[in-house]
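Asker: Okay, so here is entry-v6.tsv, and as you'll see once you scroll down, it has TSV, C-alpha atoms and all ligand atoms.
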```tsv
chain	number	residue	atom	x	y	z
A	1	MET	CA	4.07	8.62	-12.76
A	2	ALA	CA	2.19	6.89	-10.04
A	3	PHE	CA	-0.47	4.30	-10.31
A	4	ARG	CA	-3.06	3.41	-7.79
A	5	THR	CA	-3.81	-0.16	-6.94
A	6	ILE	CA	-6.87	-1.57	-5.29
A	7	THR	CA	-6.12	-4.36	-2.86
A	8	GLY	CA	-8.17	-6.09	-0.23
A	9	GLU	CA	-8.38	-8.84	2.27
A	10	ALA	CA	-7.38	-12.31	1.18
A	11	GLY	CA	-10.27	-14.27	-0.25
A	12	GLN	CA	-12.34	-11.20	-0.99
A	13	ALA	CA	-13.00	-10.34	-4.59
A	14	TRP	CA	-13.37	-6.91	-6.08
A	15	THR	CA	-16.35	-6.15	-8.26
A	16	ASN	CA	-16.04	-3.44	-10.84
A	17	ASP	CA	-18.95	-1.14	-10.07
A	18	THR	CA	-17.47	1.62	-12.20
A	19	SER	CA	-18.19	2.30	-15.84
A	20	ARG	CA	-14.64	1.71	-17.02
A	21	VAL	CA	-12.44	-1.29	-17.54
A	22	TYR	CA	-9.94	-2.08	-14.80
A	23	TRP	CA	-7.09	-4.59	-14.94
A	24	GLN	CA	-6.01	-7.33	-12.57
A	25	LEU	CA	-2.38	-8.34	-12.31
A	26	HIS	CA	-1.44	-12.01	-12.34
A	27	VAL	CA	1.89	-13.05	-10.92
A	28	GLN	CA	3.62	-16.38	-11.25
A	29	PHE	CA	4.75	-16.69	-7.68
A	30	LYS	CA	7.57	-18.98	-8.68
A	31	ASN	CA	10.49	-17.00	-10.03
A	32	SER	CA	8.80	-13.68	-9.54
A	33	CYS	CA	10.56	-10.90	-7.73
A	34	GLY	CA	9.20	-8.82	-4.88
A	35	LEU	CA	8.47	-5.96	-7.20
A	36	CYS	CA	5.89	-8.07	-8.99
A	37	ILE	CA	4.69	-10.20	-6.07
A	38	GLN	CA	3.55	-7.17	-4.11
A	39	TYR	CA	0.94	-6.57	-6.81
A	40	ALA	CA	-0.36	-10.13	-7.06
A	41	ASN	CA	-4.06	-10.02	-7.95
A	42	ALA	CA	-4.18	-6.27	-7.32
A	43	ILE	CA	-6.43	-4.13	-9.49
A	44	ALA	CA	-5.49	-0.91	-11.24
A	45	PRO	CA	-6.64	1.29	-14.11
A	46	TYR	CA	-3.78	-0.47	-15.91
A	47	PHE	CA	-0.36	-1.89	-15.06
A	48	PRO	CA	2.64	-0.62	-16.99
A	49	LEU	CA	3.91	-4.09	-17.86
A	50	PRO	CA	6.51	-5.38	-18.01
A	51	PHE	CA	7.69	-4.10	-14.65
A	52	HIS	CA	11.21	-5.10	-15.56
A	53	PRO	CA	13.03	-7.03	-18.28
A	54	GLY	CA	11.98	-10.67	-18.14
A	55	CYS	CA	8.83	-9.91	-16.14
A	56	ASN	CA	6.28	-12.70	-16.62
A	57	CYS	CA	3.33	-10.87	-15.16
A	58	THR	CA	0.13	-10.59	-17.13
A	59	GLN	CA	-3.03	-8.60	-16.67
A	60	THR	CA	-6.63	-9.36	-17.51
A	61	PRO	CA	-9.48	-6.92	-17.90
A	62	VAL	CA	-12.18	-6.62	-15.26
A	63	ARG	CA	-15.05	-5.08	-17.16
A	64	PRO	CA	-17.83	-3.07	-15.58
A	65	GLY	CA	-20.02	-5.43	-13.58
A	66	GLN	CA	-17.45	-8.21	-13.53
A	67	THR	CA	-15.86	-9.62	-10.40
A	68	ALA	CA	-12.12	-10.14	-10.30
A	69	LYS	CA	-10.26	-13.14	-8.90
A	70	PRO	CA	-10.05	-13.02	-5.10
A	71	PHE	CA	-7.15	-11.20	-3.48
A	72	VAL	CA	-4.41	-13.59	-2.48
A	73	ASP	CA	-3.29	-14.68	0.97
A	74	PHE	CA	0.29	-13.46	0.93
A	75	GLN	CA	1.24	-15.33	4.08
A	76	ALA	CA	0.11	-18.60	2.55
A	77	GLU	CA	1.63	-17.92	-0.86
A	78	LEU	CA	4.97	-16.77	0.48
A	79	ALA	CA	5.21	-19.61	2.98
A	80	GLN	CA	5.45	-22.00	0.03
A	81	LEU	CA	8.31	-20.20	-1.65
A	82	PRO	CA	11.98	-21.10	-1.34
A	83	HIS	CA	13.99	-18.96	1.04
A	84	SER	CA	15.66	-16.84	-1.63
A	85	GLN	CA	12.33	-15.88	-3.08
A	86	GLN	CA	10.87	-15.05	0.31
A	87	VAL	CA	13.74	-12.62	0.80
A	88	ALA	CA	13.14	-11.16	-2.63
A	89	ALA	CA	9.44	-10.81	-1.98
A	90	VAL	CA	9.67	-8.88	1.27
A	91	GLY	CA	12.83	-6.96	0.39
A	92	ALA	CA	16.28	-7.33	1.87
A	93	SER	CA	15.82	-4.67	4.54
A	94	ASN	CA	12.58	-6.15	5.80
A	95	TRP	CA	14.22	-9.55	5.80
A	96	ARG	CA	17.10	-8.29	7.94
A	97	LEU	CA	14.60	-6.97	10.48
A	98	ILE	CA	12.94	-10.36	10.64
A	99	GLU	CA	16.24	-12.21	10.94
A	100	ALA	CA	17.50	-9.85	13.62
A	101	GLY	CA	14.33	-10.49	15.60
A	102	LYS	CA	13.29	-6.84	15.47
A	103	VAL	CA	9.99	-7.73	13.87
A	104	GLU	CA	8.04	-10.86	13.15
A	105	TRP	CA	7.19	-12.32	9.78
A	106	LYS	CA	3.57	-11.35	10.31
A	107	ASP	CA	4.62	-7.73	10.91
A	108	VAL	CA	5.85	-7.68	7.33
A	109	VAL	CA	3.60	-10.10	5.52
A	110	THR	CA	-0.09	-9.80	6.28
A	111	PRO	CA	-2.68	-12.01	4.64
A	112	GLY	CA	-3.65	-9.05	2.48
A	113	ARG	CA	-0.32	-7.59	1.49
A	114	ILE	CA	3.38	-7.13	2.01
A	115	ARG	CA	4.25	-4.05	3.98
A	116	THR	CA	6.94	-1.70	2.78
A	117	PHE	CA	10.11	-1.32	4.78
A	118	ARG	CA	9.11	2.18	5.87
A	119	GLU	CA	5.72	1.03	7.03
A	120	VAL	CA	7.31	-1.71	9.08
A	121	VAL	CA	9.69	0.80	10.65
A	122	ARG	CA	6.85	3.18	11.47
A	123	ARG	CA	4.40	0.58	12.77
A	124	ASN	CA	6.95	-1.02	15.04
A	125	ASP	CA	8.43	2.25	16.26
A	126	LEU	CA	11.92	1.17	15.26
A	127	THR	CA	14.76	3.60	15.79
A	128	ALA	CA	17.71	4.26	13.53
A	129	ASP	CA	19.79	2.35	16.04
A	130	ASP	CA	17.51	-0.68	15.80
A	131	LEU	CA	17.93	-0.66	12.05
A	132	LYS	CA	21.68	-0.29	12.15
A	133	ARG	CA	21.99	-3.08	14.65
A	134	ALA	CA	19.94	-5.27	12.34
A	135	GLY	CA	22.67	-4.72	9.75
A	136	ILE	CA	20.81	-2.33	7.50
A	137	ARG	CA	22.99	0.07	5.56
A	138	LYS	CA	23.29	3.59	6.88
A	139	ASP	CA	22.11	5.24	3.68
A	140	VAL	CA	19.00	3.05	3.67
A	141	VAL	CA	18.30	3.98	7.27
A	142	ASP	CA	18.84	7.67	6.59
A	143	ARG	CA	16.56	7.66	3.59
A	144	ALA	CA	13.84	5.82	5.44
A	145	PHE	CA	13.85	8.33	8.28
A	146	ALA	CA	14.07	11.31	5.96
A	147	ALA	CA	10.94	10.02	4.21
A	148	LEU	CA	9.14	9.20	7.45
A	149	ASN	CA	9.73	12.76	8.65
A	150	SER	CA	8.71	14.41	5.40
A	151	PRO	CA	6.01	17.13	5.48
A	152	GLU	CA	3.73	14.80	3.59
A	153	ASN	CA	4.06	12.15	6.21
A	154	GLU	CA	3.67	14.64	9.06
A	155	ALA	CA	0.37	15.72	7.52
A	156	ALA	CA	-0.78	12.13	7.43
A	157	LYS	CA	0.19	11.61	11.05
A	158	ALA	CA	-1.73	14.71	12.12
A	159	GLN	CA	-4.70	13.43	10.18
A	160	GLN	CA	-4.54	10.09	11.91
A	161	LYS	CA	-4.47	11.80	15.30
A	162	THR	CA	-7.61	13.76	14.44
A	163	ILE	CA	-9.38	10.62	13.32
A	164	ALA	CA	-8.26	8.68	16.38
A	165	ALA	CA	-9.52	11.40	18.71
A	166	ALA	CA	-12.88	11.49	16.95
A	167	LEU	CA	-13.22	7.74	17.17
A	168	LYS	CA	-12.34	7.72	20.80
A	169	GLY	CA	-15.13	10.20	21.32
A	170	LEU	CA	-17.46	7.69	19.71
A	171	GLY	CA	-16.43	5.09	22.24
A	172	VAL	CA	-14.30	2.94	19.95
A	173	SER	CA	-11.63	1.00	21.80
A	174	ASP	CA	-7.97	1.99	21.51
A	175	ASP	CA	-7.18	-1.39	20.10
A	176	ARG	CA	-9.77	-1.12	17.39
A	177	ILE	CA	-8.64	2.38	16.51
A	178	LYS	CA	-5.07	1.26	16.14
A	179	ARG	CA	-6.07	-1.65	13.98
A	180	GLU	CA	-8.20	0.49	11.73
A	181	LEU	CA	-5.63	3.20	11.33
A	182	THR	CA	-2.58	1.08	10.79
A	183	GLY	CA	-3.90	-2.04	9.21
A	184	ASN	CA	-7.12	-2.13	7.32
A	185	LEU	CA	-7.08	1.31	5.85
A	186	ALA	CA	-3.59	0.95	4.57
A	187	GLY	CA	-4.50	-2.43	3.22
A	188	ARG	CA	-7.44	-1.23	1.26
A	189	VAL	CA	-5.74	1.34	-0.86
A	190	LEU	CA	-2.11	1.53	-1.76
A	191	VAL	CA	-0.67	4.33	-3.76
A	192	THR	CA	2.50	3.13	-5.28
A	193	PRO	CA	5.01	5.25	-7.11
A	194	ILE	CA	6.53	3.52	-10.07
A	195	GLY	CA	8.44	4.50	-13.16
A	196	ASN	CA	10.27	7.83	-13.58
A	197	ARG	CA	11.56	7.32	-10.10
A	198	PRO	CA	14.12	9.67	-8.76
A	199	PRO	CA	17.52	8.03	-9.02
A	200	SER	CA	17.51	6.94	-5.39
A	201	PRO	CA	16.67	3.27	-4.96
A	202	PRO	CA	13.43	2.20	-3.28
A	203	ALA	CA	13.18	1.31	0.38
A	204	ALA	CA	15.26	-1.83	0.13
A	205	PRO	CA	18.11	-1.14	-2.24
A	206	ALA	CA	20.13	-4.06	-0.92
A	207	ALA	CA	17.48	-6.41	-2.28
A	208	PRO	CA	18.58	-9.18	-4.58
A	209	PRO	CA	18.74	-7.87	-8.10
A	210	VAL	CA	15.47	-6.31	-8.99
A	211	PRO	CA	16.28	-5.00	-12.41
A	212	PRO	CA	15.43	-1.33	-12.60
A	213	VAL	CA	12.19	-0.42	-14.23
A	214	ALA	CA	13.28	0.27	-17.74
A	215	PRO	CA	11.99	3.55	-19.11
A	216	GLN	CA	10.57	1.80	-22.13
A	217	PRO	CA	7.04	2.33	-23.36
A	218	ALA	CA	4.65	-0.15	-21.81
A	219	PRO	CA	3.71	-2.47	-24.67
A	220	VAL	CA	0.88	-4.27	-22.91
A	221	ARG	CA	-0.91	-1.08	-22.10
A	222	PRO	CA	-4.61	-1.59	-22.62
A	223	LYS	CA	-6.42	0.17	-25.37
A	224	PRO	CA	-6.86	3.80	-24.58
A	225	LEU	CA	-10.18	4.27	-22.90
A	226	ALA	CA	-12.54	6.99	-23.84
A	227	PRO	CA	-11.70	10.15	-21.95
A	228	GLN	CA	-13.38	9.87	-18.61
A	229	ALA	CA	-14.52	12.35	-16.16
A	230	LYS	CA	-12.39	12.33	-13.04
A	231	PRO	CA	-14.01	10.13	-10.43
A	232	GLN	CA	-16.08	12.30	-8.18
A	233	PRO	CA	-14.73	12.26	-4.65
A	234	VAL	CA	-17.08	10.75	-2.14
A	235	PRO	CA	-18.29	13.60	0.04
A	236	VAL	CA	-16.63	13.59	3.43
A	237	ARG	CA	-19.51	13.40	5.81
A	238	LEU	CA	-17.96	13.82	9.18
A	239	PRO	CA	-16.66	17.18	10.23
A	240	VAL	CA	-13.96	15.44	12.22
A	241	ALA	CA	-11.99	14.29	9.22
A	242	THR	CA	-11.12	17.10	6.91
A	243	LEU	CA	-8.56	16.82	4.20
A	244	PRO	CA	-5.27	18.55	4.82
A	245	GLU	CA	-4.01	21.10	2.38
A	246	LYS	CA	-2.12	19.66	-0.49
A	247	PRO	CA	1.31	18.83	0.89
A	248	LYS	CA	4.35	20.21	-0.85
A	249	PRO	CA	5.98	17.77	-3.21
A	250	PRO	CA	8.81	15.92	-1.51
A	251	ALA	CA	12.39	17.00	-2.12
A	252	PRO	CA	13.54	15.69	-5.48
A	253	ASN	CA	15.87	13.04	-4.12
A	254	ILE	CA	13.35	11.50	-1.76
A	255	ALA	CA	11.09	8.87	-3.22
A	256	PRO	CA	7.40	9.64	-2.70
A	257	VAL	CA	6.14	7.81	0.33
A	258	VAL	CA	2.93	6.20	1.32
A	259	PRO	CA	0.77	7.85	2.49
A	260	SER	CA	0.32	10.44	-0.19
A	261	ALA	CA	-2.35	13.09	-0.39
A	262	SER	CA	-4.62	10.78	-2.32
A	263	TRP	CA	-3.96	8.01	0.17
A	264	ILE	CA	-5.05	10.31	2.95
A	265	LYS	CA	-8.14	11.25	1.01
A	266	ARG	CA	-9.02	7.63	0.40
A	267	ALA	CA	-8.27	6.74	3.98
A	268	VAL	CA	-10.50	9.52	5.21
A	269	GLU	CA	-13.31	8.40	2.95
A	270	SER	CA	-12.90	4.81	3.90
A	271	PHE	CA	-12.66	5.80	7.49
A	272	ASN	CA	-15.80	7.86	7.35
A	273	ARG	CA	-17.65	4.87	5.99
A	274	PHE	CA	-16.34	2.87	8.90
A	275	VAL	CA	-17.55	5.49	11.37
A	276	GLU	CA	-20.92	5.66	9.64
A	277	ALA	CA	-21.23	1.91	9.99
A	278	ILE	CA	-20.48	2.09	13.69
A	279	ARG	CA	-23.02	4.85	14.13
A	280	ALA	CA	-25.65	2.94	12.22
A	281	LYS	CA	-24.99	-0.08	14.36
A	282	ALA	CA	-25.29	1.97	17.53
A	283	LYS	CA	-28.56	3.42	16.25
A	284	ARG	CA	-29.97	-0.01	15.56
A	285	LYS	CA	-28.99	-1.08	19.04
A	286	THR	CA	-30.73	1.82	20.70
A	287	ARG	CA	-33.85	1.16	18.66
A	288	SER	CA	-34.13	-2.52	19.48
A	301	ZN	ZN	6.56	-9.46	-13.15
```
Any chance you could put this one into structure tokens?

Answerer:
Amino acid sequence: MAFRTITGEAGQAWTNDTSRVYWQLHVQFKNSCGLCIQYANAIAPYFPLPFHPGCNCTQTPVRPGQTAKPFVDFQAELAQLPHSQQVAAVGASNWRLIEAGKVEWKDVVTPGRIRTFREVVRRNDLTADDLKRAGIRKDVVDRAFAALNSPENEAAKAQQKTIAAALKGLGVSDDRIKRELTGNLAGRVLVTPIGNRPPSPPAAPAAPPVPPVAPQPAPVRPKPLAPQAKPQPVPVRLPVATLPEKPKPPAPNIAPVVPSASWIKRAVESFNRFVEAIRAKAKRKTRS
């Protein structure tokens, strides 16, 4: 089972412009683990609470037309936590990279979210050697690279290249392209696998004890909603960004990785809106 969360930039608030009830997760930053903290103030169709035994997270409904509480500034929130909880929040492997000087705190914790270990590895072009020298266990390194080289991920990379080339053609700067592709888009929509995980641990298995997600029924599940039509995909307007064919499911012992097919789809849609905005702006400029 996977659930999709909606996140956004710190201080921005999400308004439910759909016809169904969504839920916002509330985390008590003190004494919460990384598993929970990563979802602080995120929105989802519902959260399968508790995430783990002893989880203190709660969720509140965001009804159609309502605006949720603003997304949190993770950098600010985490800066206030004691050391042990900072480690728990970013994951042991990410923490090792920070301590070893391979990456900076801000490479892991952005105002809008906490990046996964694999994302950090990918964004910073870290090699297996870098990771090993930072003291990260070999099996963690191997799994991370296996996932980063999965067919699913290759499809996403190819997609990004297409988008980048199209943007370049529109005269967008390299810097801006990189930012859009690696930062904002990923920040807007996160597809997070949870529950019924394959037995392999998540990206940072050396993390301080995050009790496994117990396969118990989620008691706080919101009332079943009336059967809804699947949300209609926003039409992809630009010919430059077509959706790749559905990637094969990953090998059974590899945890699903961001970006997934739906992530790509969302990213493409979001990206197309971004391109449209640039085009509109250019049009206005030429007119005036
Ligand atoms: Zn919790």

Asker: Given the choices A:Gln24, A:Asn124, A:Asn56, A:Ser173, which gets closest to ligand ZN 301 (chain A) if the distance is worked out from all atoms listed in the file?

Answerer: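 Closest to ligand ZN 301 (chain A), using all atoms listed in the file: A:Asn56.
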
Asker: At a cut-off of 10 Å, can you tabulate as a Markdown table every residue of chain A near ligand ZN 301 (chain A) together with its closest atom pair and the distance in Å to one decimal, using all atoms listed in the file and ordering rows by chain then number?

Answerer:
```
| residue | atom | partner | partner_atom | distance |
| --- | --- | --- | --- | --- |
| A:Leu25 | CA | A:ZN301 | ZN | 9.0 |
| A:His26 | CA | A:ZN301 | ZN | 8.4 |
| A:Val27 | CA | A:ZN301 | ZN | 6.3 |
| A:Gln28 | CA | A:ZN301 | ZN | 7.8 |
| A:Phe29 | CA | A:ZN301 | ZN | 9.2 |
| A:Asn31 | CA | A:ZN301 | ZN | 9.1 |
| A:Ser32 | CA | A:ZN301 | ZN | 6.0 |
| A:Cys33 | CA | A:ZN301 | ZN | 6.9 |
| A:Gly34 | CA | A:ZN301 | ZN | 8.7 |
| A:Leu35 | CA | A:ZN301 | ZN | 7.2 |
| A:Cys36 | CA | A:ZN301 | ZN | 4.4 |
| A:Ile37 | CA | A:ZN301 | ZN | 7.4 |
| A:Gln38 | CA | A:ZN301 | ZN | 9.8 |
| A:Tyr39 | CA | A:ZN301 | ZN | 9.0 |
| A:Ala40 | CA | A:ZN301 | ZN | 9.2 |
| A:Leu49 | CA | A:ZN301 | ZN | 7.6 |
| A:Pro50 | CA | A:ZN301 | ZN | 6.3 |
| A:Phe51 | CA | A:ZN301 | ZN | 5.7 |
| A:His52 | CA | A:ZN301 | ZN | 6.8 |
| A:Pro53 | CA | A:ZN301 | ZN | 8.6 |
| A:Gly54 | CA | A:ZN301 | ZN | 7.5 |
| A:Cys55 | CA | A:ZN301 | ZN | 3.8 |
| A:Asn56 | CA | A:ZN301 | ZN | 4.8 |
| A:Cys57 | CA | A:ZN301 | ZN | 4.1 |
| A:Thr58 | CA | A:ZN301 | ZN | 7.6 |
```

Asker: Return the single residue from A:Pro48, A:Pro70, A:Pro64, A:Gly169 that is closest to Gly112 in chain A, with distances computed using all atoms listed in the file.

Answerer: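 Among the listed residues, the smallest separation from Gly112 in chain A belongs to A:Pro70.
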
Asker: How far is it from CA of Val21 in chain A to CA of Arg266 in chain A, in Å with one decimal?

Answerer: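 Taking CA of Val21 in chain A as the start and CA of Arg266 in chain A as the end point, the length is 20.3 Å.
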
Asker: Give the answer as one residue: which of A:Thr286, A:Thr162, A:Thr18, A:Asn149 has the shortest atom-to-atom distance to Phe271 in chain A, using all atoms listed in the file?

Answerer: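 Nearest candidate to Phe271 in chain A out of A:Thr286, A:Thr162, A:Thr18, A:Asn149: A:Thr162.
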
Asker: Considering only C-alpha atoms, state which residue in the set A:Lys265, A:Glu152, A:Arg279, A:Ala89 is at the smallest distance from Val172 in chain A.

Answerer: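 Closest residue, counting only C-alpha atoms: A:Arg279.
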
Asker: List as a PyMOL selection string the protein and nucleic acid residues near Ile114 in chain A, meaning an atom at most 7 Å away when only C-alpha atoms are counted, but skip any in the same chain fewer than 5 places from it.

Answerer: chain A and resi 38+90+108-109

Asker: Rebuild range 69-104 of chain A to N, CA and C atoms - output it as a PDB file, keeping the file's coordinate frame, please.

Answerer:
```pdb
ATOM      1  N   LYS A  69     -10.689 -12.001  -9.715  1.00  0.00           N
ATOM      2  CA  LYS A  69     -10.260 -13.140  -8.900  1.00  0.00           C
ATOM      3  C   LYS A  69      -9.992 -12.627  -7.480  1.00  0.00           C
ATOM      4  N   PRO A  70     -10.230 -13.484  -6.480  1.00  0.00           N
ATOM      5  CA  PRO A  70     -10.050 -13.020  -5.100  1.00  0.00           C
ATOM      6  C   PRO A  70      -8.617 -12.545  -4.843  1.00  0.00           C
ATOM      7  N   PHE A  71      -8.475 -11.635  -3.895  1.00  0.00           N
ATOM      8  CA  PHE A  71      -7.150 -11.200  -3.480  1.00  0.00           C
ATOM      9  C   PHE A  71      -6.440 -12.378  -2.819  1.00  0.00           C
ATOM     10  N   VAL A  72      -5.132 -12.407  -2.956  1.00  0.00           N
ATOM     11  CA  VAL A  72      -4.410 -13.590  -2.480  1.00  0.00           C
ATOM     12  C   VAL A  72      -4.037 -13.464  -1.003  1.00  0.00           C
ATOM     13  N   ASP A  73      -3.803 -14.618  -0.396  1.00  0.00           N
ATOM     14  CA  ASP A  73      -3.290 -14.680   0.970  1.00  0.00           C
ATOM     15  C   ASP A  73      -1.775 -14.698   0.874  1.00  0.00           C
ATOM     16  N   PHE A  74      -1.158 -13.547   1.100  1.00  0.00           N
ATOM     17  CA  PHE A  74       0.290 -13.460   0.930  1.00  0.00           C
ATOM     18  C   PHE A  74       1.042 -14.363   1.888  1.00  0.00           C
ATOM     19  N   GLN A  75       0.531 -14.477   3.117  1.00  0.00           N
ATOM     20  CA  GLN A  75       1.240 -15.330   4.080  1.00  0.00           C
ATOM     21  C   GLN A  75       1.294 -16.757   3.555  1.00  0.00           C
ATOM     22  N   ALA A  76       0.158 -17.228   3.043  1.00  0.00           N
ATOM     23  CA  ALA A  76       0.110 -18.600   2.550  1.00  0.00           C
ATOM     24  C   ALA A  76       0.974 -18.768   1.301  1.00  0.00           C
ATOM     25  N   GLU A  77       0.874 -17.808   0.395  1.00  0.00           N
ATOM     26  CA  GLU A  77       1.630 -17.920  -0.860  1.00  0.00           C
ATOM     27  C   GLU A  77       3.135 -17.864  -0.593  1.00  0.00           C
ATOM     28  N   LEU A  78       3.539 -16.927   0.241  1.00  0.00           N
ATOM     29  CA  LEU A  78       4.970 -16.770   0.480  1.00  0.00           C
ATOM     30  C   LEU A  78       5.553 -17.914   1.294  1.00  0.00           C
ATOM     31  N   ALA A  79       4.718 -18.504   2.153  1.00  0.00           N
ATOM     32  CA  ALA A  79       5.210 -19.610   2.980  1.00  0.00           C
ATOM     33  C   ALA A  79       5.674 -20.771   2.107  1.00  0.00           C
ATOM     34  N   GLN A  80       5.107 -20.869   0.905  1.00  0.00           N
ATOM     35  CA  GLN A  80       5.450 -22.000   0.030  1.00  0.00           C
ATOM     36  C   GLN A  80       6.703 -21.741  -0.794  1.00  0.00           C
ATOM     37  N   LEU A  81       7.184 -20.524  -0.770  1.00  0.00           N
ATOM     38  CA  LEU A  81       8.310 -20.200  -1.650  1.00  0.00           C
ATOM     39  C   LEU A  81       9.640 -20.590  -1.027  1.00  0.00           C
ATOM     40  N   PRO A  82      10.633 -20.876  -1.878  1.00  0.00           N
ATOM     41  CA  PRO A  82      11.980 -21.100  -1.340  1.00  0.00           C
ATOM     42  C   PRO A  82      12.497 -19.829  -0.669  1.00  0.00           C
ATOM     43  N   HIS A  83      13.445 -20.043   0.231  1.00  0.00           N
ATOM     44  CA  HIS A  83      13.990 -18.960   1.040  1.00  0.00           C
ATOM     45  C   HIS A  83      14.392 -17.742   0.201  1.00  0.00           C
ATOM     46  N   SER A  84      15.141 -17.975  -0.856  1.00  0.00           N
ATOM     47  CA  SER A  84      15.660 -16.840  -1.630  1.00  0.00           C
ATOM     48  C   SER A  84      14.528 -15.983  -2.179  1.00  0.00           C
ATOM     49  N   GLN A  85      13.446 -16.652  -2.519  1.00  0.00           N
ATOM     50  CA  GLN A  85      12.330 -15.880  -3.080  1.00  0.00           C
ATOM     51  C   GLN A  85      11.526 -15.171  -1.998  1.00  0.00           C
ATOM     52  N   GLN A  86      11.531 -15.759  -0.797  1.00  0.00           N
ATOM     53  CA  GLN A  86      10.870 -15.050   0.310  1.00  0.00           C
ATOM     54  C   GLN A  86      11.602 -13.747   0.580  1.00  0.00           C
ATOM     55  N   VAL A  87      12.934 -13.826   0.566  1.00  0.00           N
ATOM     56  CA  VAL A  87      13.740 -12.620   0.800  1.00  0.00           C
ATOM     57  C   VAL A  87      13.433 -11.595  -0.285  1.00  0.00           C
ATOM     58  N   ALA A  88      13.399 -12.075  -1.522  1.00  0.00           N
ATOM     59  CA  ALA A  88      13.140 -11.160  -2.630  1.00  0.00           C
ATOM     60  C   ALA A  88      11.761 -10.524  -2.501  1.00  0.00           C
ATOM     61  N   ALA A  89      10.817 -11.300  -2.026  1.00  0.00           N
ATOM     62  CA  ALA A  89       9.440 -10.810  -1.980  1.00  0.00           C
ATOM     63  C   ALA A  89       9.246  -9.719  -0.922  1.00  0.00           C
ATOM     64  N   VAL A  90       9.891  -9.881   0.219  1.00  0.00           N
ATOM     65  CA  VAL A  90       9.670  -8.880   1.270  1.00  0.00           C
ATOM     66  C   VAL A  90      10.704  -7.765   1.227  1.00  0.00           C
ATOM     67  N   GLY A  91      11.780  -7.979   0.451  1.00  0.00           N
ATOM     68  CA  GLY A  91      12.830  -6.960   0.390  1.00  0.00           C
ATOM     69  C   GLY A  91      13.916  -7.253   1.407  1.00  0.00           C
ATOM     70  N   ALA A  92      15.141  -6.963   1.028  1.00  0.00           N
ATOM     71  CA  ALA A  92      16.280  -7.330   1.870  1.00  0.00           C
ATOM     72  C   ALA A  92      16.230  -6.650   3.239  1.00  0.00           C
ATOM     73  N   SER A  93      15.805  -5.386   3.266  1.00  0.00           N
ATOM     74  CA  SER A  93      15.820  -4.670   4.540  1.00  0.00           C
ATOM     75  C   SER A  93      14.776  -5.241   5.497  1.00  0.00           C
ATOM     76  N   ASN A  94      13.597  -5.522   4.963  1.00  0.00           N
ATOM     77  CA  ASN A  94      12.580  -6.150   5.800  1.00  0.00           C
ATOM     78  C   ASN A  94      13.080  -7.501   6.312  1.00  0.00           C
ATOM     79  N   TRP A  95      13.748  -8.224   5.412  1.00  0.00           N
ATOM     80  CA  TRP A  95      14.220  -9.550   5.800  1.00  0.00           C
ATOM     81  C   TRP A  95      15.218  -9.451   6.940  1.00  0.00           C
ATOM     82  N   ARG A  96      16.111  -8.454   6.866  1.00  0.00           N
ATOM     83  CA  ARG A  96      17.100  -8.290   7.940  1.00  0.00           C
ATOM     84  C   ARG A  96      16.398  -8.036   9.269  1.00  0.00           C
ATOM     85  N   LEU A  97      15.329  -7.253   9.234  1.00  0.00           N
ATOM     86  CA  LEU A  97      14.600  -6.970  10.480  1.00  0.00           C
ATOM     87  C   LEU A  97      14.015  -8.249  11.060  1.00  0.00           C
ATOM     88  N   ILE A  98      13.515  -9.094  10.179  1.00  0.00           N
ATOM     89  CA  ILE A  98      12.940 -10.360  10.640  1.00  0.00           C
ATOM     90  C   ILE A  98      14.046 -11.236  11.238  1.00  0.00           C
ATOM     91  N   GLU A  99      15.146 -11.338  10.498  1.00  0.00           N
ATOM     92  CA  GLU A  99      16.240 -12.210  10.940  1.00  0.00           C
ATOM     93  C   GLU A  99      16.853 -11.729  12.249  1.00  0.00           C
ATOM     94  N   ALA A 100      16.906 -10.404  12.406  1.00  0.00           N
ATOM     95  CA  ALA A 100      17.500  -9.850  13.620  1.00  0.00           C
ATOM     96  C   ALA A 100      16.511  -9.896  14.788  1.00  0.00           C
ATOM     97  N   GLY A 101      15.314 -10.377  14.532  1.00  0.00           N
ATOM     98  CA  GLY A 101      14.330 -10.490  15.600  1.00  0.00           C
ATOM     99  C   GLY A 101      13.684  -9.168  15.981  1.00  0.00           C
ATOM    100  N   LYS A 102      13.890  -8.146  15.156  1.00  0.00           N
ATOM    101  CA  LYS A 102      13.290  -6.840  15.470  1.00  0.00           C
ATOM    102  C   LYS A 102      11.786  -6.858  15.175  1.00  0.00           C
ATOM    103  N   VAL A 103      11.410  -7.597  14.191  1.00  0.00           N
ATOM    104  CA  VAL A 103       9.990  -7.730  13.870  1.00  0.00           C
ATOM    105  C   VAL A 103       9.689  -9.191  13.549  1.00  0.00           C
ATOM    106  N   GLU A 104       8.421  -9.509  13.505  1.00  0.00           N
ATOM    107  CA  GLU A 104       8.040 -10.860  13.150  1.00  0.00           C
ATOM    108  C   GLU A 104       7.605 -10.907  11.688  1.00  0.00           C
TER     109      GLU A 104
END
```
